[in-house]
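Structure data (compact mmCIF, N, CA and C atoms) from entry-v7.txt:
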```
# COMPACT_ATOMS: atom_id res chain seq x y z
N MET T 1 -54.86 -3.05 -52.68
CA MET T 1 -55.36 -3.55 -53.95
C MET T 1 -56.64 -4.33 -53.66
N THR T 2 -57.61 -4.19 -54.52
CA THR T 2 -58.87 -4.88 -54.33
C THR T 2 -59.04 -5.95 -55.40
N ALA T 3 -59.85 -6.96 -55.07
CA ALA T 3 -60.21 -7.94 -56.09
C ALA T 3 -61.05 -7.21 -57.13
N SER T 4 -60.78 -7.45 -58.39
CA SER T 4 -61.44 -6.68 -59.44
C SER T 4 -62.40 -7.54 -60.24
N ASP T 5 -63.54 -6.97 -60.48
CA ASP T 5 -64.60 -7.60 -61.26
C ASP T 5 -64.54 -7.04 -62.68
N PRO T 6 -64.31 -7.90 -63.67
CA PRO T 6 -64.22 -7.41 -65.06
C PRO T 6 -65.44 -6.63 -65.52
N VAL T 7 -66.62 -7.01 -65.06
CA VAL T 7 -67.84 -6.31 -65.45
C VAL T 7 -67.84 -4.89 -64.87
N ALA T 8 -67.44 -4.76 -63.61
CA ALA T 8 -67.38 -3.44 -62.97
C ALA T 8 -66.31 -2.57 -63.63
N LEU T 9 -65.16 -3.16 -63.96
CA LEU T 9 -64.11 -2.40 -64.63
C LEU T 9 -64.59 -1.92 -65.99
N ALA T 10 -65.26 -2.78 -66.73
CA ALA T 10 -65.78 -2.39 -68.05
C ALA T 10 -66.80 -1.27 -67.93
N ALA T 11 -67.64 -1.32 -66.90
CA ALA T 11 -68.64 -0.27 -66.71
C ALA T 11 -67.98 1.07 -66.40
N LEU T 12 -66.97 1.07 -65.54
CA LEU T 12 -66.23 2.30 -65.25
C LEU T 12 -65.51 2.81 -66.50
N HIS T 13 -64.88 1.89 -67.22
CA HIS T 13 -64.14 2.26 -68.44
C HIS T 13 -65.09 2.90 -69.46
N ALA T 14 -66.31 2.36 -69.56
CA ALA T 14 -67.28 2.90 -70.51
C ALA T 14 -67.70 4.32 -70.15
N GLN T 15 -67.69 4.64 -68.86
CA GLN T 15 -68.02 6.01 -68.46
C GLN T 15 -66.86 6.97 -68.71
N ALA T 16 -65.65 6.43 -68.76
CA ALA T 16 -64.46 7.27 -68.88
C ALA T 16 -63.95 7.45 -70.30
N PHE T 17 -64.28 6.52 -71.20
CA PHE T 17 -63.69 6.53 -72.54
C PHE T 17 -64.75 6.35 -73.63
N ALA T 18 -64.51 6.99 -74.77
CA ALA T 18 -65.42 6.87 -75.92
C ALA T 18 -65.34 5.49 -76.55
N ALA T 19 -64.19 4.84 -76.46
CA ALA T 19 -64.00 3.49 -77.02
C ALA T 19 -63.60 2.55 -75.87
N PRO T 20 -64.56 2.16 -75.07
CA PRO T 20 -64.23 1.36 -73.87
C PRO T 20 -63.88 -0.08 -74.19
N TRP T 21 -63.17 -0.69 -73.23
CA TRP T 21 -62.84 -2.11 -73.31
C TRP T 21 -64.00 -2.92 -72.76
N SER T 22 -64.16 -4.12 -73.26
CA SER T 22 -65.25 -4.99 -72.83
C SER T 22 -64.89 -5.74 -71.55
N ALA T 23 -65.91 -6.29 -70.91
CA ALA T 23 -65.69 -7.12 -69.71
C ALA T 23 -64.81 -8.31 -70.07
N ARG T 24 -65.00 -8.87 -71.26
CA ARG T 24 -64.17 -10.00 -71.70
C ARG T 24 -62.70 -9.60 -71.81
N GLU T 25 -62.45 -8.41 -72.37
CA GLU T 25 -61.07 -7.93 -72.47
C GLU T 25 -60.45 -7.76 -71.09
N PHE T 26 -61.22 -7.23 -70.15
CA PHE T 26 -60.71 -7.09 -68.79
C PHE T 26 -60.47 -8.46 -68.16
N ALA T 27 -61.37 -9.39 -68.36
CA ALA T 27 -61.19 -10.73 -67.81
C ALA T 27 -59.93 -11.37 -68.37
N ASP T 28 -59.70 -11.22 -69.66
CA ASP T 28 -58.49 -11.77 -70.28
C ASP T 28 -57.23 -11.14 -69.69
N LEU T 29 -57.25 -9.82 -69.54
CA LEU T 29 -56.08 -9.15 -68.97
C LEU T 29 -55.83 -9.58 -67.53
N LEU T 30 -56.89 -9.62 -66.72
CA LEU T 30 -56.74 -9.97 -65.31
C LEU T 30 -56.27 -11.41 -65.10
N SER T 31 -56.47 -12.24 -66.11
CA SER T 31 -56.04 -13.64 -65.99
C SER T 31 -54.55 -13.82 -66.30
N GLN T 32 -53.92 -12.77 -66.81
CA GLN T 32 -52.50 -12.85 -67.19
C GLN T 32 -51.60 -12.62 -65.98
N PRO T 33 -50.47 -13.30 -65.95
CA PRO T 33 -49.52 -13.07 -64.85
C PRO T 33 -49.04 -11.63 -64.83
N GLY T 34 -48.91 -11.08 -63.63
CA GLY T 34 -48.36 -9.74 -63.48
C GLY T 34 -49.32 -8.61 -63.68
N VAL T 35 -50.58 -8.89 -64.02
CA VAL T 35 -51.55 -7.82 -64.21
C VAL T 35 -52.25 -7.56 -62.88
N LEU T 36 -52.21 -6.30 -62.46
CA LEU T 36 -52.73 -5.89 -61.16
C LEU T 36 -53.73 -4.76 -61.34
N ALA T 37 -54.78 -4.77 -60.56
CA ALA T 37 -55.79 -3.71 -60.61
C ALA T 37 -55.98 -3.11 -59.23
N ILE T 38 -56.14 -1.82 -59.21
CA ILE T 38 -56.54 -1.12 -58.00
C ILE T 38 -57.84 -0.42 -58.37
N GLN T 39 -58.90 -0.76 -57.66
CA GLN T 39 -60.23 -0.28 -58.03
C GLN T 39 -60.86 0.47 -56.87
N GLU T 40 -61.47 1.60 -57.20
CA GLU T 40 -62.26 2.37 -56.26
C GLU T 40 -63.63 2.57 -56.90
N PRO T 41 -64.61 3.05 -56.16
CA PRO T 41 -65.95 3.20 -56.74
C PRO T 41 -66.02 4.06 -58.00
N ASP T 42 -65.16 5.08 -58.12
CA ASP T 42 -65.24 6.00 -59.25
C ASP T 42 -64.09 5.88 -60.24
N GLY T 43 -63.26 4.85 -60.08
CA GLY T 43 -62.15 4.70 -61.02
C GLY T 43 -61.25 3.54 -60.67
N PHE T 44 -60.27 3.31 -61.54
CA PHE T 44 -59.33 2.22 -61.32
C PHE T 44 -58.08 2.45 -62.16
N ILE T 45 -57.05 1.71 -61.80
CA ILE T 45 -55.82 1.66 -62.60
C ILE T 45 -55.48 0.19 -62.81
N LEU T 46 -55.04 -0.13 -64.00
CA LEU T 46 -54.64 -1.48 -64.36
C LEU T 46 -53.17 -1.43 -64.78
N ILE T 47 -52.35 -2.25 -64.13
CA ILE T 47 -50.91 -2.24 -64.35
C ILE T 47 -50.44 -3.65 -64.66
N ARG T 48 -49.44 -3.75 -65.54
CA ARG T 48 -48.79 -5.04 -65.80
C ARG T 48 -47.33 -4.92 -65.39
N VAL T 49 -46.87 -5.88 -64.57
CA VAL T 49 -45.47 -5.91 -64.12
C VAL T 49 -44.80 -7.12 -64.76
N VAL T 50 -43.68 -6.86 -65.42
CA VAL T 50 -42.85 -7.92 -66.01
C VAL T 50 -41.42 -7.65 -65.57
N LEU T 51 -40.87 -8.57 -64.80
CA LEU T 51 -39.53 -8.44 -64.26
C LEU T 51 -39.41 -7.12 -63.50
N ASP T 52 -38.51 -6.23 -63.94
CA ASP T 52 -38.32 -4.98 -63.19
C ASP T 52 -38.97 -3.77 -63.87
N GLU T 53 -39.91 -4.03 -64.77
CA GLU T 53 -40.63 -2.94 -65.43
C GLU T 53 -42.14 -3.13 -65.28
N ALA T 54 -42.84 -2.01 -65.23
CA ALA T 54 -44.30 -2.03 -65.14
C ALA T 54 -44.86 -1.04 -66.15
N GLU T 55 -46.09 -1.31 -66.55
CA GLU T 55 -46.77 -0.44 -67.51
C GLU T 55 -48.18 -0.18 -67.02
N ILE T 56 -48.60 1.08 -67.08
CA ILE T 56 -49.99 1.40 -66.83
C ILE T 56 -50.75 1.05 -68.10
N LEU T 57 -51.62 0.05 -68.01
CA LEU T 57 -52.40 -0.36 -69.17
C LEU T 57 -53.57 0.58 -69.41
N THR T 58 -54.21 1.00 -68.32
CA THR T 58 -55.27 2.00 -68.42
C THR T 58 -55.52 2.59 -67.05
N LEU T 59 -55.94 3.84 -67.06
CA LEU T 59 -56.36 4.56 -65.86
C LEU T 59 -57.70 5.16 -66.22
N ALA T 60 -58.72 4.84 -65.45
CA ALA T 60 -60.07 5.34 -65.75
C ALA T 60 -60.64 6.02 -64.52
N VAL T 61 -61.13 7.23 -64.69
CA VAL T 61 -61.84 7.97 -63.66
C VAL T 61 -63.10 8.51 -64.31
N ILE T 62 -64.25 8.24 -63.69
CA ILE T 62 -65.51 8.70 -64.29
C ILE T 62 -65.54 10.23 -64.29
N PRO T 63 -66.23 10.83 -65.25
CA PRO T 63 -66.19 12.29 -65.40
C PRO T 63 -66.56 13.07 -64.14
N THR T 64 -67.54 12.61 -63.37
CA THR T 64 -67.95 13.36 -62.17
C THR T 64 -66.92 13.32 -61.06
N ALA T 65 -65.93 12.45 -61.15
CA ALA T 65 -64.90 12.33 -60.12
C ALA T 65 -63.56 12.91 -60.56
N ARG T 66 -63.52 13.49 -61.74
CA ARG T 66 -62.25 14.03 -62.25
C ARG T 66 -61.90 15.34 -61.55
N ARG T 67 -60.59 15.59 -61.51
CA ARG T 67 -60.03 16.81 -60.92
C ARG T 67 -60.27 16.89 -59.41
N LEU T 68 -60.45 15.73 -58.78
CA LEU T 68 -60.62 15.67 -57.33
C LEU T 68 -59.49 14.90 -56.65
N GLY T 69 -58.47 14.51 -57.43
CA GLY T 69 -57.32 13.82 -56.85
C GLY T 69 -57.34 12.31 -56.98
N LEU T 70 -58.43 11.73 -57.48
CA LEU T 70 -58.51 10.28 -57.58
C LEU T 70 -57.49 9.73 -58.57
N GLY T 71 -57.35 10.34 -59.73
CA GLY T 71 -56.39 9.86 -60.72
C GLY T 71 -54.98 9.84 -60.16
N ARG T 72 -54.60 10.91 -59.50
CA ARG T 72 -53.25 11.00 -58.91
C ARG T 72 -53.07 9.93 -57.83
N ARG T 73 -54.09 9.76 -56.99
CA ARG T 73 -54.02 8.75 -55.94
C ARG T 73 -53.87 7.35 -56.52
N LEU T 74 -54.62 7.06 -57.58
CA LEU T 74 -54.51 5.74 -58.22
C LEU T 74 -53.13 5.54 -58.83
N VAL T 75 -52.58 6.58 -59.46
CA VAL T 75 -51.24 6.47 -60.04
C VAL T 75 -50.22 6.19 -58.93
N GLU T 76 -50.32 6.91 -57.83
CA GLU T 76 -49.37 6.71 -56.74
C GLU T 76 -49.54 5.33 -56.09
N GLU T 77 -50.76 4.89 -55.89
CA GLU T 77 -50.99 3.54 -55.35
C GLU T 77 -50.47 2.49 -56.33
N GLY T 78 -50.66 2.73 -57.62
CA GLY T 78 -50.15 1.82 -58.64
C GLY T 78 -48.64 1.74 -58.60
N ALA T 79 -47.98 2.88 -58.38
CA ALA T 79 -46.52 2.90 -58.29
C ALA T 79 -46.04 2.09 -57.09
N VAL T 80 -46.73 2.20 -55.98
CA VAL T 80 -46.37 1.42 -54.79
C VAL T 80 -46.52 -0.07 -55.05
N VAL T 81 -47.66 -0.45 -55.63
CA VAL T 81 -47.91 -1.87 -55.92
C VAL T 81 -46.88 -2.40 -56.92
N ALA T 82 -46.57 -1.61 -57.94
CA ALA T 82 -45.58 -2.04 -58.93
C ALA T 82 -44.21 -2.21 -58.28
N THR T 83 -43.84 -1.30 -57.40
CA THR T 83 -42.57 -1.40 -56.70
C THR T 83 -42.54 -2.66 -55.84
N GLN T 84 -43.61 -2.92 -55.13
CA GLN T 84 -43.69 -4.10 -54.28
C GLN T 84 -43.61 -5.38 -55.11
N ALA T 85 -44.03 -5.31 -56.37
CA ALA T 85 -43.97 -6.47 -57.26
C ALA T 85 -42.61 -6.58 -57.96
N GLY T 86 -41.69 -5.65 -57.65
CA GLY T 86 -40.34 -5.74 -58.19
C GLY T 86 -39.99 -4.78 -59.29
N ALA T 87 -40.90 -3.90 -59.68
CA ALA T 87 -40.62 -2.96 -60.77
C ALA T 87 -39.75 -1.81 -60.29
N ALA T 88 -38.84 -1.39 -61.14
CA ALA T 88 -37.98 -0.24 -60.88
C ALA T 88 -38.34 0.94 -61.77
N ARG T 89 -39.19 0.69 -62.78
CA ARG T 89 -39.57 1.74 -63.73
C ARG T 89 -41.00 1.50 -64.17
N LEU T 90 -41.75 2.59 -64.32
CA LEU T 90 -43.15 2.53 -64.71
C LEU T 90 -43.34 3.29 -66.02
N PHE T 91 -43.99 2.66 -66.99
CA PHE T 91 -44.21 3.23 -68.32
C PHE T 91 -45.69 3.44 -68.56
N LEU T 92 -46.00 4.27 -69.56
CA LEU T 92 -47.37 4.43 -70.03
C LEU T 92 -47.36 5.07 -71.40
N GLU T 93 -48.50 4.97 -72.07
CA GLU T 93 -48.74 5.69 -73.32
C GLU T 93 -50.00 6.52 -73.12
N VAL T 94 -49.98 7.73 -73.62
CA VAL T 94 -51.13 8.62 -73.50
C VAL T 94 -51.28 9.38 -74.82
N ALA T 95 -52.53 9.58 -75.23
CA ALA T 95 -52.78 10.32 -76.47
C ALA T 95 -52.20 11.72 -76.34
N GLU T 96 -51.51 12.16 -77.40
CA GLU T 96 -50.85 13.46 -77.34
C GLU T 96 -51.83 14.60 -77.12
N ASP T 97 -53.09 14.43 -77.51
CA ASP T 97 -54.08 15.49 -77.35
C ASP T 97 -54.87 15.37 -76.05
N ASN T 98 -54.50 14.44 -75.17
CA ASN T 98 -55.19 14.28 -73.89
C ASN T 98 -54.48 15.15 -72.85
N THR T 99 -54.73 16.43 -72.93
CA THR T 99 -54.04 17.42 -72.09
C THR T 99 -54.22 17.16 -70.59
N PRO T 100 -55.43 16.87 -70.11
CA PRO T 100 -55.57 16.62 -68.67
C PRO T 100 -54.75 15.42 -68.19
N ALA T 101 -54.77 14.33 -68.94
CA ALA T 101 -54.00 13.15 -68.53
C ALA T 101 -52.50 13.44 -68.58
N ARG T 102 -52.06 14.13 -69.60
CA ARG T 102 -50.63 14.45 -69.70
C ARG T 102 -50.19 15.33 -68.53
N ALA T 103 -51.05 16.27 -68.12
CA ALA T 103 -50.72 17.12 -66.97
C ALA T 103 -50.66 16.28 -65.69
N LEU T 104 -51.58 15.35 -65.53
CA LEU T 104 -51.57 14.46 -64.37
C LEU T 104 -50.26 13.68 -64.32
N TYR T 105 -49.87 13.09 -65.44
CA TYR T 105 -48.64 12.30 -65.47
C TYR T 105 -47.40 13.15 -65.27
N ASP T 106 -47.40 14.37 -65.80
CA ASP T 106 -46.27 15.28 -65.56
C ASP T 106 -46.14 15.57 -64.07
N ARG T 107 -47.27 15.87 -63.41
CA ARG T 107 -47.25 16.16 -61.97
C ARG T 107 -46.83 14.94 -61.16
N ALA T 108 -47.09 13.75 -61.69
CA ALA T 108 -46.74 12.51 -60.98
C ALA T 108 -45.29 12.09 -61.26
N GLY T 109 -44.53 12.91 -61.96
CA GLY T 109 -43.11 12.63 -62.16
C GLY T 109 -42.76 11.85 -63.41
N PHE T 110 -43.70 11.66 -64.32
CA PHE T 110 -43.41 10.98 -65.58
C PHE T 110 -42.78 11.97 -66.55
N ARG T 111 -41.90 11.46 -67.41
CA ARG T 111 -41.26 12.27 -68.43
C ARG T 111 -41.40 11.58 -69.78
N GLN T 112 -41.57 12.38 -70.82
CA GLN T 112 -41.70 11.83 -72.16
C GLN T 112 -40.38 11.20 -72.60
N ILE T 113 -40.47 9.97 -73.12
CA ILE T 113 -39.28 9.27 -73.61
C ILE T 113 -39.42 8.85 -75.07
N GLY T 114 -40.60 9.04 -75.64
CA GLY T 114 -40.79 8.63 -77.03
C GLY T 114 -42.18 8.97 -77.52
N ARG T 115 -42.46 8.48 -78.73
CA ARG T 115 -43.73 8.75 -79.39
C ARG T 115 -44.06 7.58 -80.30
N ARG T 116 -45.32 7.21 -80.35
CA ARG T 116 -45.79 6.18 -81.27
C ARG T 116 -46.73 6.88 -82.26
N LYS T 117 -46.30 6.94 -83.50
CA LYS T 117 -47.06 7.65 -84.54
C LYS T 117 -48.40 6.95 -84.81
N ALA T 118 -49.46 7.75 -84.89
CA ALA T 118 -50.80 7.29 -85.26
C ALA T 118 -51.24 6.06 -84.44
N TYR T 119 -50.95 6.06 -83.16
CA TYR T 119 -51.20 4.91 -82.30
C TYR T 119 -52.68 4.75 -81.94
N TYR T 120 -53.35 5.87 -81.69
CA TYR T 120 -54.76 5.83 -81.28
C TYR T 120 -55.68 6.20 -82.43
N THR T 121 -56.82 5.52 -82.51
CA THR T 121 -57.85 5.87 -83.49
C THR T 121 -58.93 6.67 -82.77
N GLN T 122 -59.25 7.84 -83.30
CA GLN T 122 -60.27 8.71 -82.73
C GLN T 122 -61.66 8.24 -83.19
N ALA T 123 -62.70 8.75 -82.55
CA ALA T 123 -64.07 8.39 -82.88
C ALA T 123 -64.40 8.68 -84.35
N ASP T 124 -63.79 9.72 -84.92
CA ASP T 124 -64.06 10.08 -86.32
C ASP T 124 -63.18 9.31 -87.31
N GLY T 125 -62.37 8.37 -86.79
CA GLY T 125 -61.51 7.57 -87.66
C GLY T 125 -60.11 8.14 -87.85
N SER T 126 -59.90 9.38 -87.43
CA SER T 126 -58.56 9.95 -87.55
C SER T 126 -57.63 9.29 -86.54
N ARG T 127 -56.34 9.48 -86.73
CA ARG T 127 -55.34 8.87 -85.85
C ARG T 127 -54.56 9.95 -85.12
N THR T 128 -54.15 9.63 -83.91
CA THR T 128 -53.32 10.55 -83.14
C THR T 128 -52.15 9.80 -82.51
N ASP T 129 -51.07 10.51 -82.31
CA ASP T 129 -49.88 9.90 -81.73
C ASP T 129 -50.07 9.60 -80.25
N ALA T 130 -49.32 8.62 -79.77
CA ALA T 130 -49.21 8.34 -78.35
C ALA T 130 -47.88 8.90 -77.88
N VAL T 131 -47.90 9.54 -76.75
CA VAL T 131 -46.68 9.98 -76.09
C VAL T 131 -46.31 8.88 -75.11
N VAL T 132 -45.08 8.38 -75.21
CA VAL T 132 -44.58 7.35 -74.29
C VAL T 132 -43.87 8.05 -73.15
N MET T 133 -44.26 7.71 -71.93
CA MET T 133 -43.69 8.34 -70.75
C MET T 133 -43.18 7.29 -69.78
N SER T 134 -42.25 7.67 -68.93
CA SER T 134 -41.77 6.75 -67.90
C SER T 134 -41.43 7.50 -66.63
N ARG T 135 -41.35 6.74 -65.58
CA ARG T 135 -41.00 7.27 -64.26
C ARG T 135 -40.19 6.20 -63.54
N ASP T 136 -39.05 6.60 -63.01
CA ASP T 136 -38.28 5.68 -62.18
C ASP T 136 -39.00 5.50 -60.86
N LEU T 137 -38.96 4.29 -60.36
CA LEU T 137 -39.62 3.99 -59.09
C LEU T 137 -38.56 3.86 -58.00
N CYS T 138 -37.83 4.94 -57.79
CA CYS T 138 -36.85 4.97 -56.71
C CYS T 138 -37.63 4.88 -55.41
N VAL T 139 -37.08 4.18 -54.46
CA VAL T 139 -37.80 4.01 -53.20
C VAL T 139 -36.99 4.57 -52.04
N ASP T 140 -37.72 5.03 -51.04
CA ASP T 140 -37.05 5.48 -49.82
C ASP T 140 -36.92 4.31 -48.86
N GLN T 141 -36.50 4.55 -47.66
CA GLN T 141 -36.28 3.49 -46.70
C GLN T 141 -37.55 2.74 -46.35
N ALA T 142 -38.70 3.36 -46.49
CA ALA T 142 -39.98 2.71 -46.17
C ALA T 142 -40.55 1.99 -47.39
N ASN T 143 -39.75 1.86 -48.45
CA ASN T 143 -40.17 1.20 -49.69
C ASN T 143 -41.36 1.90 -50.35
N VAL T 144 -41.35 3.23 -50.28
CA VAL T 144 -42.40 4.02 -50.90
C VAL T 144 -41.80 4.75 -52.08
N PRO T 145 -42.41 4.63 -53.28
CA PRO T 145 -41.88 5.32 -54.46
C PRO T 145 -41.82 6.82 -54.25
N LEU T 146 -40.76 7.42 -54.72
CA LEU T 146 -40.59 8.86 -54.67
C LEU T 146 -40.89 9.45 -56.03
N PRO T 147 -41.56 10.63 -56.08
CA PRO T 147 -41.85 11.24 -57.39
C PRO T 147 -40.60 11.66 -58.12
```
Whole structure given in structure tokens:
Amino acid sequence: MTASDPVALAALHAQAFAAPWSAREFADLLSQPGVLAIQEPDGFILIRVVLDEAEILTLAVIPTARRLGLGRRLVEEGAVVATQAGAARLFLEVAEDNTPARALYDRAGFRQIGRRKAYYTQADGSRTDAVVMSRDLCVDQANVPLP
């Protein structure tokens, strides 16, 4: 895990999303207990751990680095960090129409457990559902999460 700069996270997020979070929003999140970031030059994952559960708050990979394994690596590193922080289960929400992200999470062992109606607002003002997914963080003898 690396020390995370809210300005750098916001810049990466802006390259990855049409409605990016601000540096202030990242600073506020990073100041909260249990919020962890893993940052690389072309992307990052932000996770919140509360007791024995963790949630992926956001995963951002810049467009030029997509489909090269960075997203999967960040998810797996996030799972390890969450496990080390005491989490037994990892949750996330993803837009139902975000096919590449849903495929990434499926390959990483997440399964759909619910849906949040009209959770995300699109650039044109329309709303789309969020798919709620989870993954158990079972660990092997080396304390490494298994898919």
Exercise: region 60-71 of chain T partners within 8 Å, all atoms listed in the file, chain neighbours under 2 positions left out, as a PyMOL selection string = chain T and resi 12-17+41-46+57-58+73-77+104
Nearest candidate to Val80 (chain T) (options T:Arg115, T:Trp21, T:Leu36, T:Asp124; using only C-alpha atoms) | T:Leu36
Give the answer as one residue: which of T:Arg102, T:Arg48, T:Arg72, T:Arg24 has the shortest atom-to-atom distance to Val7 (chain T), using only N, CA and C atoms?
->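 Comparing T:Arg102, T:Arg48, T:Arg72, T:Arg24 against Val7 (chain T), the winner is T:Arg24.
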Using all atoms listed in the file, which residue out of T:Ala95, T:Arg107, T:Ser31, T:Ala23 lies closest to Ala11 (chain T)?
->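 Residue with the minimum atom-to-atom distance to Ala11 (chain T): T:Ala23.
Between Ala123 (chain T) and the candidates T:Gly109, T:Ala54, T:Thr99, T:Ala19, the tightest atom-to-atom separation, counting only N, CA and C atoms, involves T:Ala19.
Using only C-alpha atoms for every distance, the candidate list T:Gln39, T:Gln32, T:Ser22, T:Ser134 yields T:Ser134 as the residue closest to Arg89 (chain T).
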Restricting the calculation to only C-alpha atoms, which member of T:Val50, T:Ala108, T:Leu9, T:Leu137 is positioned closest to Leu30 (chain T)?
-> T:Leu9
Using all atoms of region 21-24 of chain T listed in the file and a margin of 6 Å per side, can you give the axis-aligned box centre and edge lengths in Å to one decimal, as JSON?
```
{"center_x": -64.3, "center_y": -5.3, "center_z": -71.5, "size_x": 15.2, "size_y": 21.3, "size_z": 15.6}
```
Quick one, how far is CA of Met133 (chain T) from atom N of Arg116 (chain T)?
-> 9.8 Å
